[in-house]
Structures are given as structure tokens and as C-alpha cells.
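**Q** Provided herewith: data_29.txt, compact mmCIF, C-alpha atoms and all ligand atoms.
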# COMPACT_ATOMS: atom_id res chain seq x y z
CA MET A 536 150.64 79.23 158.51
CA SER A 537 147.55 81.34 157.85
CA ARG A 538 145.02 80.32 155.22
CA PRO A 539 145.02 82.16 151.86
CA LEU A 540 142.02 84.50 151.35
CA THR A 541 140.85 82.56 148.31
CA PRO A 542 142.10 78.99 148.69
CA THR A 543 142.28 76.82 145.58
CA ILE A 544 141.17 73.21 145.28
CA ALA A 545 144.84 72.22 145.58
CA ASP A 546 145.07 74.22 148.84
CA CYS A 547 141.96 72.48 150.19
CA LEU A 548 143.38 69.06 149.38
CA GLU A 549 146.85 69.78 150.69
CA HIS A 550 145.84 71.55 153.91
CA ARG A 551 142.55 69.67 154.44
CA TYR A 552 140.39 72.77 154.70
CA LEU A 553 137.23 70.66 155.00
CA ARG A 554 134.72 70.66 157.82
CA PRO A 555 131.96 68.08 158.14
CA VAL A 556 128.54 68.75 159.61
CA PHE A 557 126.01 66.04 160.41
CA GLN A 558 122.24 65.96 159.87
CA PRO A 559 120.07 63.35 161.62
CA ILE A 560 117.92 60.83 159.78
CA GLY A 561 115.05 59.55 161.90
CA SER A 562 112.54 56.70 161.88
CA LEU A 563 108.99 57.86 161.21
CA ALA A 564 107.61 54.86 163.10
CA THR A 565 109.60 55.27 166.32
CA GLY A 566 111.22 58.71 166.27
CA ASP A 567 114.61 57.04 166.82
CA ILE A 568 117.70 58.24 165.00
CA LEU A 569 118.85 55.85 162.27
CA GLY A 570 122.05 57.79 161.73
CA TYR A 571 123.48 61.00 160.29
CA GLU A 572 124.34 62.23 156.81
CA ALA A 573 127.73 63.92 156.64
CA LEU A 574 127.67 67.15 154.66
CA ILE A 575 130.95 68.85 153.86
CA ARG A 576 131.76 72.53 154.05
CA GLY A 577 134.85 74.02 152.38
CA PRO A 578 136.98 76.82 153.87
CA ALA A 579 134.71 79.14 155.91
CA GLY A 580 133.99 82.58 154.48
CA THR A 581 135.17 81.67 150.95
CA PRO A 582 133.23 80.76 147.79
CA LEU A 583 134.27 77.13 148.29
CA GLU A 584 132.50 76.90 151.66
CA ASN A 585 129.35 75.87 149.78
CA PRO A 586 129.69 72.12 149.02
CA VAL A 587 128.06 72.42 145.59
CA ALA A 588 130.71 74.98 144.57
CA LEU A 589 133.48 72.98 146.26
CA PHE A 590 132.72 69.72 144.45
CA ALA A 591 131.93 71.42 141.11
CA GLU A 592 135.27 73.22 141.26
CA ALA A 593 137.05 70.00 142.26
CA ALA A 594 135.46 68.27 139.26
CA ARG A 595 136.65 71.09 136.96
CA ALA A 596 140.16 70.67 138.37
CA GLY A 597 140.02 66.91 137.70
CA ALA A 598 140.17 66.24 141.45
CA LEU A 599 136.61 65.11 142.29
CA VAL A 600 137.61 61.63 143.45
CA ARG A 601 140.47 62.98 145.58
CA MET A 602 138.17 65.58 147.13
CA GLU A 603 135.43 63.03 147.88
CA ARG A 604 137.97 60.65 149.38
CA LEU A 605 139.26 63.41 151.67
CA ALA A 606 135.69 64.49 152.50
CA ALA A 607 134.68 60.95 153.48
CA ARG A 608 137.77 60.38 155.58
CA THR A 609 137.35 63.72 157.33
CA ALA A 610 133.71 62.89 158.03
CA ILE A 611 134.47 59.40 159.38
CA ALA A 612 137.13 60.78 161.73
CA ALA A 613 134.79 63.52 163.02
CA PHE A 614 131.85 61.10 163.39
CA ILE A 615 133.94 58.74 165.54
CA GLU A 616 135.47 61.65 167.47
CA ALA A 617 131.99 63.04 168.26
CA GLY A 618 130.80 59.58 169.36
CA LEU A 619 127.63 59.85 167.27
CA PRO A 620 125.31 56.82 167.29
CA GLY A 621 123.90 54.85 164.37
CA LYS A 622 124.86 54.88 160.75
CA LEU A 623 126.98 57.36 158.85
CA PHE A 624 125.66 58.33 155.39
CA LEU A 625 128.42 59.55 153.02
CA ASN A 626 127.99 61.15 149.59
CA TYR A 627 129.86 59.76 146.60
CA SER A 628 129.91 60.24 142.85
CA ALA A 629 129.87 57.08 140.71
CA ASP A 630 133.58 57.48 139.99
CA SER A 631 134.35 57.63 143.69
CA LEU A 632 132.39 54.41 144.30
CA ARG A 633 134.52 52.76 141.60
CA ASP A 634 137.60 54.20 143.31
CA ILE A 635 136.58 52.64 146.66
CA GLU A 636 136.43 49.30 144.91
CA ASP A 637 139.75 49.85 143.08
CA THR A 638 141.52 50.80 146.32
CA ARG A 639 139.74 48.35 148.62
CA ASP A 640 142.84 47.25 150.55
CA GLU A 641 143.67 50.85 151.38
CA VAL A 642 140.04 51.53 152.34
CA ARG A 643 140.01 48.49 154.65
CA THR A 644 143.18 49.71 156.37
CA PHE A 645 141.72 53.19 156.81
CA LEU A 646 138.44 51.88 158.27
CA LYS A 647 140.27 49.60 160.66
CA ALA A 648 142.51 52.43 161.87
CA SER A 649 139.55 54.79 162.30
CA GLY A 650 137.64 52.23 164.38
CA ILE A 651 134.37 52.28 162.43
CA GLN A 652 132.63 49.04 161.49
CA SER A 653 131.81 48.91 157.78
CA ASP A 654 128.19 47.97 158.58
CA ARG A 655 127.69 51.44 160.07
CA ILE A 656 128.48 53.08 156.74
CA VAL A 657 125.91 53.90 154.04
CA LEU A 658 127.31 55.08 150.71
CA GLU A 659 124.96 57.51 148.95
CA LEU A 660 125.25 57.78 145.19
CA THR A 661 124.94 61.52 144.54
CA GLU A 662 123.38 62.60 141.34
CA GLN A 663 125.31 65.69 140.35
CA ALA A 664 127.86 63.99 138.09
CA PRO A 665 127.06 61.58 135.23
CA LEU A 666 127.34 57.94 136.22
CA GLY A 667 129.28 56.39 133.36
CA SER A 668 128.77 52.67 132.75
CA LEU A 669 125.97 51.27 134.90
CA GLU A 670 127.53 47.81 134.55
CA SER A 671 130.87 48.75 136.11
CA LEU A 672 129.09 50.80 138.78
CA THR A 673 126.85 47.84 139.66
CA LYS A 674 129.90 45.61 140.04
CA ALA A 675 131.59 48.11 142.33
CA VAL A 676 128.46 48.63 144.45
CA PHE A 677 127.83 44.91 144.91
CA SER A 678 131.44 44.27 145.83
CA ILE A 679 131.45 47.12 148.38
CA ARG A 680 128.22 45.80 149.90
CA SER A 681 129.62 42.29 150.18
CA ARG A 682 132.12 43.81 152.62
CA GLY A 683 129.37 45.14 154.90
CA ALA A 684 128.51 48.71 153.89
CA GLN A 685 125.01 49.65 152.76
CA PHE A 686 124.06 51.62 149.66
CA ALA A 687 121.59 54.47 149.02
CA LEU A 688 120.32 56.19 145.88
CA ASP A 689 120.31 59.92 146.69
CA ASP A 690 118.00 62.64 145.38
CA TYR A 691 115.61 60.21 143.72
CA GLY A 692 113.33 62.12 141.37
CA THR A 693 115.92 64.67 140.21
CA GLY A 694 119.04 64.83 138.04
CA HIS A 695 120.45 61.53 136.91
CA ALA A 696 118.61 59.37 139.50
CA ASN A 697 116.38 56.96 137.66
CA LEU A 698 114.42 53.72 137.82
CA GLY A 699 117.08 51.81 135.87
CA GLN A 700 119.53 52.45 138.68
CA TRP A 701 117.01 51.30 141.28
CA ILE A 702 116.57 48.04 139.32
CA ALA A 703 120.29 47.45 138.75
CA LEU A 704 121.79 48.67 142.01
CA LYS A 705 119.17 47.28 144.44
CA PRO A 706 119.72 50.06 147.00
CA ASP A 707 119.21 49.46 150.71
CA TYR A 708 117.75 52.99 150.87
CA VAL A 709 116.20 55.32 148.30
CA LYS A 710 116.31 58.96 149.38
CA ILE A 711 113.42 60.88 147.81
CA ALA A 712 114.45 64.38 146.73
CA ARG A 713 113.14 67.46 148.51
CA VAL A 714 111.39 68.73 145.35
CA VAL A 715 109.18 65.63 145.46
CA ILE A 716 108.55 65.71 149.23
CA ASP A 717 108.18 69.42 149.99
CA GLY A 718 104.47 70.28 149.92
CA ILE A 719 103.31 66.63 149.78
CA ALA A 720 100.61 67.33 152.38
CA THR A 721 98.77 69.67 150.01
CA SER A 722 99.54 68.19 146.58
CA THR A 723 97.53 65.21 145.41
CA PHE A 724 100.01 64.67 142.60
CA GLN A 725 103.05 64.50 144.90
CA HIS A 726 101.13 62.34 147.34
CA GLU A 727 100.21 59.81 144.64
CA ALA A 728 103.72 59.86 143.14
CA VAL A 729 105.20 59.03 146.56
CA ARG A 730 102.54 56.40 147.20
CA ALA A 731 103.74 54.70 144.00
CA LEU A 732 107.35 54.91 145.22
CA CYS A 733 106.27 53.29 148.51
CA LYS A 734 104.87 50.38 146.54
CA LEU A 735 108.09 50.02 144.53
CA ALA A 736 110.11 50.15 147.75
CA ARG A 737 108.03 47.39 149.33
CA LEU A 738 108.41 45.21 146.25
CA SER A 739 112.14 45.81 145.93
CA GLY A 740 113.01 45.61 149.62
CA SER A 741 114.46 49.13 149.71
CA LYS A 742 113.75 51.49 152.61
CA LEU A 743 112.64 55.03 151.75
CA VAL A 744 114.03 58.24 153.24
CA ALA A 745 112.00 61.44 152.70
CA GLU A 746 114.46 64.33 152.32
CA GLY A 747 114.07 68.04 152.97
CA ILE A 748 111.15 67.98 155.42
CA GLU A 749 110.50 71.47 156.74
CA ARG A 750 106.81 71.26 157.67
CA VAL A 751 104.91 69.27 160.26
CA GLU A 752 102.10 68.47 157.78
CA ASP A 753 104.59 67.00 155.30
CA LEU A 754 106.18 64.90 158.05
CA ILE A 755 102.80 63.48 159.02
CA ALA A 756 101.83 62.81 155.39
CA CYS A 757 105.09 60.88 154.89
CA ARG A 758 104.49 58.83 158.02
CA GLU A 759 100.93 58.04 156.97
CA LEU A 760 102.14 56.85 153.58
CA GLY A 761 104.41 54.38 155.39
CA ILE A 762 107.74 55.98 154.47
CA ASP A 763 110.38 54.50 156.78
CA TYR A 764 112.72 57.42 157.49
CA ALA A 765 112.95 61.19 157.13
CA GLN A 766 115.53 63.96 157.10
CA GLY A 767 115.18 67.73 156.97
CA TYR A 768 115.41 70.98 158.87
CA LEU A 769 112.24 70.13 160.84
CA LEU A 770 113.89 67.02 162.32
CA GLY A 771 117.33 68.55 162.72
CA ARG A 772 119.65 70.97 160.95
CA PRO A 773 123.13 69.98 159.82
CA SER A 774 125.54 70.76 162.65
CA ALA A 775 129.10 69.99 163.72
CA GLU A 776 127.67 68.85 167.05
CA PRO A 777 124.21 67.49 166.21
CA PRO A 778 121.77 66.44 168.92
CA LEU A 779 121.30 62.78 169.81
CA THR A 780 117.52 62.98 169.36
CA LEU A 781 115.20 64.41 166.72
CA SER A 782 113.78 67.89 167.39
CA ASP A 783 110.96 68.16 169.93
CA VAL A 784 108.61 69.56 167.29
CA SER A 785 109.12 66.54 165.03
CA LEU A 786 108.81 64.05 167.92
CA ARG A 787 105.57 65.74 169.02
CA ALA A 788 104.25 65.50 165.48
CA LEU A 789 105.08 61.80 165.41
CA ARG A 790 103.48 61.52 168.89
CA VAL A 791 106.38 59.53 170.25
CA LYS A 792 108.52 60.35 173.28
CA ALA A 793 109.05 64.13 173.57
O1 LIG A 801 121.93 66.09 147.74
P1 LIG A 801 121.77 65.88 149.21
O2 LIG A 801 120.43 65.34 149.58
O3 LIG A 801 122.91 65.08 149.82
O4 LIG A 801 121.86 67.36 149.81
C1 LIG A 801 121.63 67.68 151.11
C2 LIG A 801 121.54 69.20 151.16
O5 LIG A 801 120.25 69.59 151.50
C3 LIG A 801 122.48 69.82 152.15
O6 LIG A 801 123.09 70.94 151.58
C4 LIG A 801 121.57 70.21 153.30
O7 LIG A 801 122.06 71.32 154.01
C5 LIG A 801 120.28 70.52 152.58
N1 LIG A 801 119.09 70.28 153.40
C6 LIG A 801 118.92 69.35 154.36
N2 LIG A 801 117.67 69.41 154.89
C7 LIG A 801 117.03 70.42 154.25
C8 LIG A 801 115.71 70.99 154.36
O8 LIG A 801 114.87 70.58 155.16
N3 LIG A 801 115.43 72.02 153.51
C9 LIG A 801 116.33 72.51 152.60
N4 LIG A 801 115.98 73.52 151.84
N5 LIG A 801 117.58 71.99 152.47
C10 LIG A 801 117.93 70.96 153.28
MN MN A 802 123.00 63.02 150.26
Translate the structure of the given file into C-alpha cells.
Ligand code: G
Ligand code: MN
**A**
Amino acid sequence: MSRPLTPTIADCLEHRYLRPVFQPIGSLATGDILGYEALIRGPAGTPLENPVALFAEAARAGALVRMERLAARTAIAAFIEAGLPGKLFLNYSADSLRDIEDTRDEVRTFLKASGIQSDRIVLELTEQAPLGSLESLTKAVFSIRSRGAQFALDDYGTGHANLGQWIALKPDYVKIARVVIDGIATSTFQHEAVRALCKLARLSGSKLVAEGIERVEDLIACRELGIDYAQGYLLGRPSAEPPLTLSDVSLRALRVKA
């Protein structure tokens, strides 16, 4: 059956018109790949191809949790199929994290069948939707982590991401938003703001990930500040078949193996 020209959210859910791409996350100390963030694309050539539009429309249709569940499962299957190394970072709204907890037996069965160890999964709390009760979210996050998965605060410095969540949720990783990182090499203010975040990360035991790196100078500034990991077009673009190493230009900048 051919795809409708303008598929609806219901079409996407029913026929699984989702396609994951993967973007590498690398260590600034060693140049090794820590893992990949899965980013979802909707049906190609339609307005829902853009993930922001796809998930906003799903939320409007009252189907955000269903869409995120399908997105995560599609990404896990493709990640295993592609044989990618390291950890798999998946994006979730707060309601979807609560849903993982509420359906934990089903999730366990799915993970077992897909052949991925839960300690290879990092759940990123995305910041587009409001979080609801921090107390119930904290309970869900701690319970999920007790079963092996790790947890990341995404887009720190924008939207709903705030210090209260860092304190309550004790993330394994804090991903610093592109608006904070981009241009850090030439902005004293951004540099000092990130230096403060590095101090908080050391005190709290969270690892930092600098997001949205496009420039060599910003990559080097992040490494010199002691940020643990980085992600961005300079290190590798999102791709259905991503490379197994960071880009040559980023490895040269880090002066590790080319
Ligand atoms: O909110 P989150 O950080 O999960 O969003 C990731 C988005 O950022 C994806 O849409 C991805 O394509 C995009 N992205 C990844 N790296 C870069 C980058 O270096 N520059 C820009 N402008 N966007 C990026
Ligand atoms: Mn993310």
C-alpha cells in the first residue's frame, strides 16, 4: 500500500512511518565514541519529517507517549541492527518516562527480545513539554535507573531545564544546550557560565555533554574547561549509518588518533 501524501499522526503510528538517525557523542579526553543519540524523522518529504513538528503534532493529538514509545522502539531496533557500539541516548518527555515505569514489565520483555542490555541505554529528559510533578518524575527516574539504564538532562540552559531538576533527578549526564555552547571560544560570559556548570557537575557527580559543536575553537574551549563529552555537526552529523569514529577534523583538533 502506498503512503498517503500527507500522513496523519494516526497513520504514522499505525504504519510506523518513523526513521531513526544516529549522531555520535564523543569523549573530549580520548576522542572515543561514548555512544549515539537517536533522532527521529517522520515520513520523508512531508511536514511531519521534522521531529519538532512530528512530536508537537503528536502532543496535539494526545498521542505523545505513544509516538515516543514507537520512536524509542524503532531506534533500539535500528541501533542493534546497525551493530553500533556504545550507549544509545533516547529522547523522552516526562510523561513518557512515567509511562516506562508504569509499563515496566512490558518494557523488560521488549528489551530482552531486542537484545540490548539496559545499561547501554541513556534516557534523555527532553525539555519541550512541561514536566508535571517533579516528585512523581523523580520516583520514575530512580526506579528506571535501579534497573540499569542511565539518565540525562537534555538541553540544559533552555526551556524547562533547571537547577531544581538537576538537584532532584541526579542525572548521570547533563547535556548543555547549543545556545550556551555555540560561540563559547569568543564569549567570556558563556565561558564563565560553562565553567560554573563544570564545577556543579564535579560536585554532583554528573558528566557534562556539550551539544551543538560546529567550530573547532569551541571544541577546544570545551575540552580545556574539562567538559567530558561533546556532540555536534563538527564531530559527526546525524545519519542512518553513522561512522564508528568521530570526524577527522574533530580528532585532529583534540590531537588524538586521526
Ligand atoms: O534537543 P536535542 O538536543 O535532542 O536536539 C538535537 C537536535 O539538534 C537534532 O535535531 C540535531 O539534528 C540537531 N543538531 C545536532 N548537532 C547540531 C549542531 O552541531 N548544530 C545544529 N545547529 N544543530 C545540531
Ligand atoms: Mn536530545
**Q** Work out how far CA of Asp654 in chain A is from CA of Ile679 in chain A, in Å to one decimal.
**A** 10.7 Å
**Q** Tell me which of A:Gly694, A:Gly577, A:Pro539, A:Gly566 sits closest to Ser782 in chain A, counting all atoms listed in the file.
**A**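 Going through A:Gly694, A:Gly577, A:Pro539, A:Gly566 one by one, the smallest distance to Ser782 in chain A is for A:Gly566.
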**Q** Nearest residue to Arg787 in chain A out of A:Leu623, A:Ile615, A:Leu563, A:Val642, using only C-alpha atoms?
**A**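 Nearest candidate to Arg787 in chain A out of A:Leu623, A:Ile615, A:Leu563, A:Val642: A:Leu563.
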**Q** Just how far from CA of Ser774 in chain A is CA of Arg713 in chain A, in Å to one decimal?
**A**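 Taking CA of Arg713 in chain A as the start and CA of Ser774 in chain A as the end point, the length is 19.1 Å.
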**Q** Write out as a list of chain:residue names each polymer residue whose atoms come within 8 Å of range 594-606 of chain A, counting all atoms listed in the file; drop sequence neighbours fewer than 2 positions from it.
**A** A:Ile544, A:Leu548, A:Arg551, A:Leu553, A:Pro555, A:Ile575, A:Phe590, A:Ala591, A:Glu592, A:Arg608, A:Thr609, A:Ala610, A:Asn626, A:Tyr627, A:Ser628, A:Asp630, A:Ser631, A:Asp634
**Q** Using only C-alpha atoms for the distances, tell me which of A:Val714, A:Leu619, A:Ile748, A:Ala612 is nearest to Gly650 in chain A.
**A** A:Ala612
**Q** Excluding Ala579 in chain A and any residue of its chain fewer than 4 positions from it, enumerate the residues within 10 Å of it, using all atoms listed in the file, and give them as a ChimeraX atom specification.
**A** /A:552-554,583-585
**Q** How would you report the residues lying within 6 Å of ligand LIG 801 (chain A), as a ChimeraX atom specification, if you count only C-alpha atoms and all ligand atoms?
**A** /A:690,747-749,767-768
